[in-house]
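Printed here is final.json (JSON, N, CA and C atoms):
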```json
[["chain", "number", "residue", "atom", "x", "y", "z"],
["A", 179, "MET", "N", 136.07, 20.33, 164.29],
["A", 179, "MET", "CA", 137.06, 21.39, 164.15],
["A", 179, "MET", "C", 138.22, 21.13, 165.07],
["A", 180, "SER", "N", 139.38, 21.55, 164.64],
["A", 180, "SER", "CA", 140.55, 21.37, 165.49],
["A", 180, "SER", "C", 140.65, 22.51, 166.48],
["A", 181, "ALA", "N", 141.48, 22.32, 167.48],
["A", 181, "ALA", "CA", 141.65, 23.34, 168.51],
["A", 181, "ALA", "C", 142.34, 24.58, 167.96],
["A", 182, "VAL", "N", 143.17, 24.40, 166.94],
["A", 182, "VAL", "CA", 143.90, 25.53, 166.36],
["A", 182, "VAL", "C", 142.95, 26.50, 165.68],
["A", 183, "SER", "N", 141.97, 26.00, 164.95],
["A", 183, "SER", "CA", 141.09, 26.88, 164.20],
["A", 183, "SER", "C", 140.09, 27.61, 165.10],
["A", 184, "THR", "N", 139.86, 27.10, 166.30],
["A", 184, "THR", "CA", 138.90, 27.74, 167.18],
["A", 184, "THR", "C", 139.57, 28.57, 168.28],
["A", 185, "ALA", "N", 140.89, 28.56, 168.33],
["A", 185, "ALA", "CA", 141.60, 29.33, 169.35],
["A", 185, "ALA", "C", 141.40, 30.82, 169.10],
["A", 186, "PRO", "N", 141.30, 31.60, 170.18],
["A", 186, "PRO", "CA", 141.13, 33.05, 169.99],
["A", 186, "PRO", "C", 142.30, 33.66, 169.23],
["A", 187, "GLY", "N", 141.99, 34.56, 168.31],
["A", 187, "GLY", "CA", 143.03, 35.23, 167.55],
["A", 187, "GLY", "C", 143.48, 34.46, 166.32],
["A", 188, "ARG", "N", 142.99, 33.26, 166.11],
["A", 188, "ARG", "CA", 143.37, 32.46, 164.95],
["A", 188, "ARG", "C", 142.27, 32.52, 163.91],
["A", 189, "MET", "N", 142.68, 32.47, 162.63],
["A", 189, "MET", "CA", 141.70, 32.45, 161.55],
["A", 189, "MET", "C", 141.85, 31.14, 160.79],
["A", 190, "SER", "N", 140.76, 30.71, 160.21],
["A", 190, "SER", "CA", 140.83, 29.53, 159.37],
["A", 190, "SER", "C", 141.56, 29.90, 158.08],
["A", 191, "ALA", "N", 141.94, 28.91, 157.32],
["A", 191, "ALA", "CA", 142.65, 29.15, 156.07],
["A", 191, "ALA", "C", 141.78, 29.95, 155.10],
["A", 192, "ALA", "N", 140.49, 29.66, 155.07],
["A", 192, "ALA", "CA", 139.59, 30.38, 154.17],
["A", 192, "ALA", "C", 139.46, 31.85, 154.59],
["A", 193, "GLU", "N", 139.37, 32.09, 155.88],
["A", 193, "GLU", "CA", 139.27, 33.48, 156.37],
["A", 193, "GLU", "C", 140.56, 34.23, 156.07],
["A", 194, "LEU", "N", 141.68, 33.59, 156.27],
["A", 194, "LEU", "CA", 142.97, 34.22, 156.00],
["A", 194, "LEU", "C", 143.11, 34.55, 154.52],
["A", 195, "LYS", "N", 142.71, 33.61, 153.67],
["A", 195, "LYS", "CA", 142.78, 33.82, 152.22],
["A", 195, "LYS", "C", 141.87, 34.98, 151.81],
["A", 196, "ALA", "N", 140.68, 35.05, 152.38],
["A", 196, "ALA", "CA", 139.75, 36.14, 152.06],
["A", 196, "ALA", "C", 140.32, 37.48, 152.51],
["A", 197, "GLN", "N", 140.95, 37.50, 153.68],
["A", 197, "GLN", "CA", 141.54, 38.74, 154.18],
["A", 197, "GLN", "C", 142.71, 39.18, 153.30],
["A", 198, "GLU", "N", 143.53, 38.24, 152.87],
["A", 198, "GLU", "CA", 144.65, 38.57, 151.98],
["A", 198, "GLU", "C", 144.15, 39.09, 150.64],
["A", 199, "LYS", "N", 143.09, 38.49, 150.13],
["A", 199, "LYS", "CA", 142.51, 38.95, 148.86],
["A", 199, "LYS", "C", 141.99, 40.37, 149.00],
["A", 200, "ALA", "N", 141.31, 40.65, 150.10],
["A", 200, "ALA", "CA", 140.80, 42.01, 150.34],
["A", 200, "ALA", "C", 141.95, 43.00, 150.47],
["A", 201, "ALA", "N", 143.03, 42.60, 151.11],
["A", 201, "ALA", "CA", 144.19, 43.49, 151.27],
["A", 201, "ALA", "C", 144.83, 43.77, 149.91],
["A", 202, "ARG", "N", 144.95, 42.76, 149.06],
["A", 202, "ARG", "CA", 145.51, 42.97, 147.72],
["A", 202, "ARG", "C", 144.64, 43.92, 146.92],
["A", 203, "GLN", "N", 143.33, 43.73, 147.00],
["A", 203, "GLN", "CA", 142.40, 44.60, 146.28],
["A", 203, "GLN", "C", 142.51, 46.04, 146.77],
["A", 204, "ALA", "N", 142.58, 46.23, 148.07],
["A", 204, "ALA", "CA", 142.71, 47.57, 148.63],
["A", 204, "ALA", "C", 144.02, 48.22, 148.19],
["A", 205, "GLU", "N", 145.09, 47.44, 148.12],
["A", 205, "GLU", "CA", 146.38, 47.98, 147.68],
["A", 205, "GLU", "C", 146.33, 48.38, 146.20],
["A", 206, "ARG", "N", 145.68, 47.56, 145.36],
["A", 206, "ARG", "CA", 145.53, 47.92, 143.95],
["A", 206, "ARG", "C", 144.74, 49.21, 143.79],
["A", 207, "GLU", "N", 143.66, 49.35, 144.55],
["A", 207, "GLU", "CA", 142.85, 50.57, 144.49],
["A", 207, "GLU", "C", 143.66, 51.78, 144.95],
["A", 208, "ARG", "N", 144.47, 51.61, 145.99],
["A", 208, "ARG", "CA", 145.31, 52.69, 146.48],
["A", 208, "ARG", "C", 146.33, 53.09, 145.41],
["A", 209, "GLN", "N", 146.94, 52.11, 144.74],
["A", 209, "GLN", "CA", 147.91, 52.41, 143.69],
["A", 209, "GLN", "C", 147.25, 53.14, 142.53],
["A", 210, "ARG", "N", 146.02, 52.77, 142.20],
["A", 210, "ARG", "CA", 145.30, 53.48, 141.13],
["A", 210, "ARG", "C", 145.05, 54.93, 141.52],
["A", 211, "ARG", "N", 144.62, 55.16, 142.77],
["A", 211, "ARG", "CA", 144.39, 56.53, 143.23],
["A", 211, "ARG", "C", 145.68, 57.35, 143.19],
["A", 212, "VAL", "N", 146.79, 56.76, 143.63],
["A", 212, "VAL", "CA", 148.07, 57.45, 143.62],
["A", 212, "VAL", "C", 148.46, 57.80, 142.19],
["A", 213, "ALA", "N", 148.30, 56.86, 141.26],
["A", 213, "ALA", "CA", 148.65, 57.11, 139.86],
["A", 213, "ALA", "C", 147.80, 58.24, 139.29],
["A", 214, "ARG", "N", 146.49, 58.23, 139.59],
["A", 214, "ARG", "CA", 145.61, 59.32, 139.11],
["A", 214, "ARG", "C", 146.03, 60.65, 139.70],
["A", 215, "ASP", "N", 146.34, 60.67, 140.99],
["A", 215, "ASP", "CA", 146.75, 61.92, 141.65],
["A", 215, "ASP", "C", 148.06, 62.45, 141.06],
["A", 216, "GLU", "N", 149.01, 61.54, 140.81],
["A", 216, "GLU", "CA", 150.28, 61.97, 140.24],
["A", 216, "GLU", "C", 150.10, 62.52, 138.83],
["A", 217, "ALA", "N", 149.25, 61.86, 138.05],
["A", 217, "ALA", "CA", 148.98, 62.34, 136.69],
["A", 217, "ALA", "C", 148.33, 63.72, 136.73],
["A", 218, "ALA", "N", 147.39, 63.91, 137.63],
["A", 218, "ALA", "CA", 146.73, 65.20, 137.75],
["A", 218, "ALA", "C", 147.72, 66.27, 138.20],
["A", 219, "GLU", "N", 148.61, 65.92, 139.11],
["A", 219, "GLU", "CA", 149.62, 66.88, 139.58],
["A", 219, "GLU", "C", 150.57, 67.27, 138.45],
["A", 220, "ARG", "N", 150.98, 66.29, 137.64],
["A", 220, "ARG", "CA", 151.85, 66.61, 136.50],
["A", 220, "ARG", "C", 151.12, 67.53, 135.52],
["A", 221, "LYS", "N", 149.84, 67.28, 135.30],
["A", 221, "LYS", "CA", 149.06, 68.10, 134.39],
["A", 221, "LYS", "C", 148.94, 69.54, 134.92],
["A", 222, "ARG", "N", 148.66, 69.67, 136.22],
["A", 222, "ARG", "CA", 148.57, 71.01, 136.82],
["A", 222, "ARG", "C", 149.90, 71.74, 136.74],
["A", 223, "ALA", "N", 150.99, 71.03, 137.02],
["A", 223, "ALA", "CA", 152.32, 71.65, 136.98],
["A", 223, "ALA", "C", 152.65, 72.10, 135.57],
["A", 224, "GLN", "N", 152.28, 71.30, 134.59],
["A", 224, "GLN", "CA", 152.54, 71.65, 133.21],
["A", 224, "GLN", "C", 151.76, 72.89, 132.80],
["A", 225, "ARG", "N", 150.50, 72.98, 133.21],
["A", 225, "ARG", "CA", 149.67, 74.14, 132.87],
["A", 225, "ARG", "C", 150.17, 75.40, 133.55],
["A", 226, "SER", "N", 150.58, 75.28, 134.81],
["A", 226, "SER", "CA", 150.96, 76.47, 135.55],
["A", 226, "SER", "C", 152.39, 76.89, 135.26],
["A", 227, "GLY", "N", 153.18, 76.05, 134.58],
["A", 227, "GLY", "CA", 154.52, 76.44, 134.16],
["A", 227, "GLY", "C", 155.57, 76.30, 135.23],
["A", 228, "PHE", "N", 155.40, 75.41, 136.19],
["A", 228, "PHE", "CA", 156.46, 75.18, 137.17],
["A", 228, "PHE", "C", 157.71, 74.70, 136.45],
["A", 229, "ALA", "N", 158.86, 75.06, 136.97],
["A", 229, "ALA", "CA", 160.11, 74.64, 136.36],
["A", 229, "ALA", "C", 160.28, 73.13, 136.51],
["A", 230, "ASN", "N", 160.33, 72.44, 135.41],
["A", 230, "ASN", "CA", 160.62, 71.02, 135.41],
["A", 230, "ASN", "C", 161.09, 70.62, 134.02],
["A", 231, "VAL", "N", 161.65, 69.45, 133.89],
["A", 231, "VAL", "CA", 162.19, 69.02, 132.61],
["A", 231, "VAL", "C", 161.10, 68.81, 131.57],
["A", 232, "ASN", "N", 159.88, 68.61, 131.99],
["A", 232, "ASN", "CA", 158.79, 68.44, 131.04],
["A", 232, "ASN", "C", 158.33, 69.76, 130.44],
["A", 233, "ASN", "N", 158.76, 70.87, 131.02],
["A", 233, "ASN", "CA", 158.33, 72.18, 130.54],
["A", 233, "ASN", "C", 159.56, 73.07, 130.40],
["A", 234, "PRO", "N", 160.37, 72.89, 129.38],
["A", 234, "PRO", "CA", 161.63, 73.63, 129.26],
["A", 234, "PRO", "C", 161.43, 75.13, 129.07],
["A", 235, "ARG", "N", 160.30, 75.55, 128.55],
["A", 235, "ARG", "CA", 160.05, 76.99, 128.37],
["A", 235, "ARG", "C", 160.21, 77.72, 129.70],
["A", 236, "ARG", "N", 159.62, 77.19, 130.74],
["A", 236, "ARG", "CA", 159.71, 77.82, 132.04],
["A", 236, "ARG", "C", 161.07, 77.59, 132.67],
["A", 237, "SER", "N", 161.64, 76.41, 132.54],
["A", 237, "SER", "CA", 162.91, 76.14, 133.20],
["A", 237, "SER", "C", 164.04, 76.97, 132.59],
["A", 238, "VAL", "N", 164.01, 77.27, 131.28],
["A", 238, "VAL", "CA", 165.02, 78.13, 130.67],
["A", 238, "VAL", "C", 164.90, 79.52, 131.25],
["A", 239, "TRP", "N", 163.69, 80.03, 131.36],
["A", 239, "TRP", "CA", 163.47, 81.35, 131.94],
["A", 239, "TRP", "C", 163.99, 81.42, 133.36],
["A", 240, "MET", "N", 163.74, 80.41, 134.16],
["A", 240, "MET", "CA", 164.21, 80.40, 135.54],
["A", 240, "MET", "C", 165.74, 80.29, 135.59],
["A", 241, "THR", "N", 166.33, 79.60, 134.62],
["A", 241, "THR", "CA", 167.79, 79.50, 134.56],
["A", 241, "THR", "C", 168.40, 80.86, 134.26],
["A", 242, "VAL", "N", 167.80, 81.60, 133.34],
["A", 242, "VAL", "CA", 168.31, 82.92, 132.98],
["A", 242, "VAL", "C", 168.19, 83.86, 134.16],
["A", 243, "VAL", "N", 167.09, 83.82, 134.85],
["A", 243, "VAL", "CA", 166.88, 84.70, 135.99],
["A", 243, "VAL", "C", 167.80, 84.25, 137.12]]
```

For this file, write the structure as structure tokens.
Amino acid sequence: MSAVSTAPGRMSAAELKAQEKAARQAERERQRRVARDEAAERKRAQRSGFANVNNPRRSVWMTVV
């Protein structure tokens, strides 16, 4: 082994690649959770009638008021 790979705080190329792969996977999972949460929030807002462009029935009423 070379001195670089055994120095404290250094990772081998394989360890670095594995860590990057795990980070990419974690980011994909986080993006999926965010997308699910946003979809659920849009669905709740639509049901409850918050004023937004997706629900003009409520936004017209709020405009009149």

Margin query: Could you tell me how far atom N of Asp215 of chain A sits from atom N of Gln197 of chain A, in Å to one decimal place?
Written below: 27.0 Å

Notebook entry, point to check: In Å, how far is it from atom CA of Arg214 of chain A to atom C of Ala196 of chain A?
Noted result: 26.2 Å

Next item on the list: For atom CA of Val212 of chain A and atom CA of Arg225 of chain A, determine how far apart the two atoms are, in Å to one decimal place.
Entry: 19.9 Å
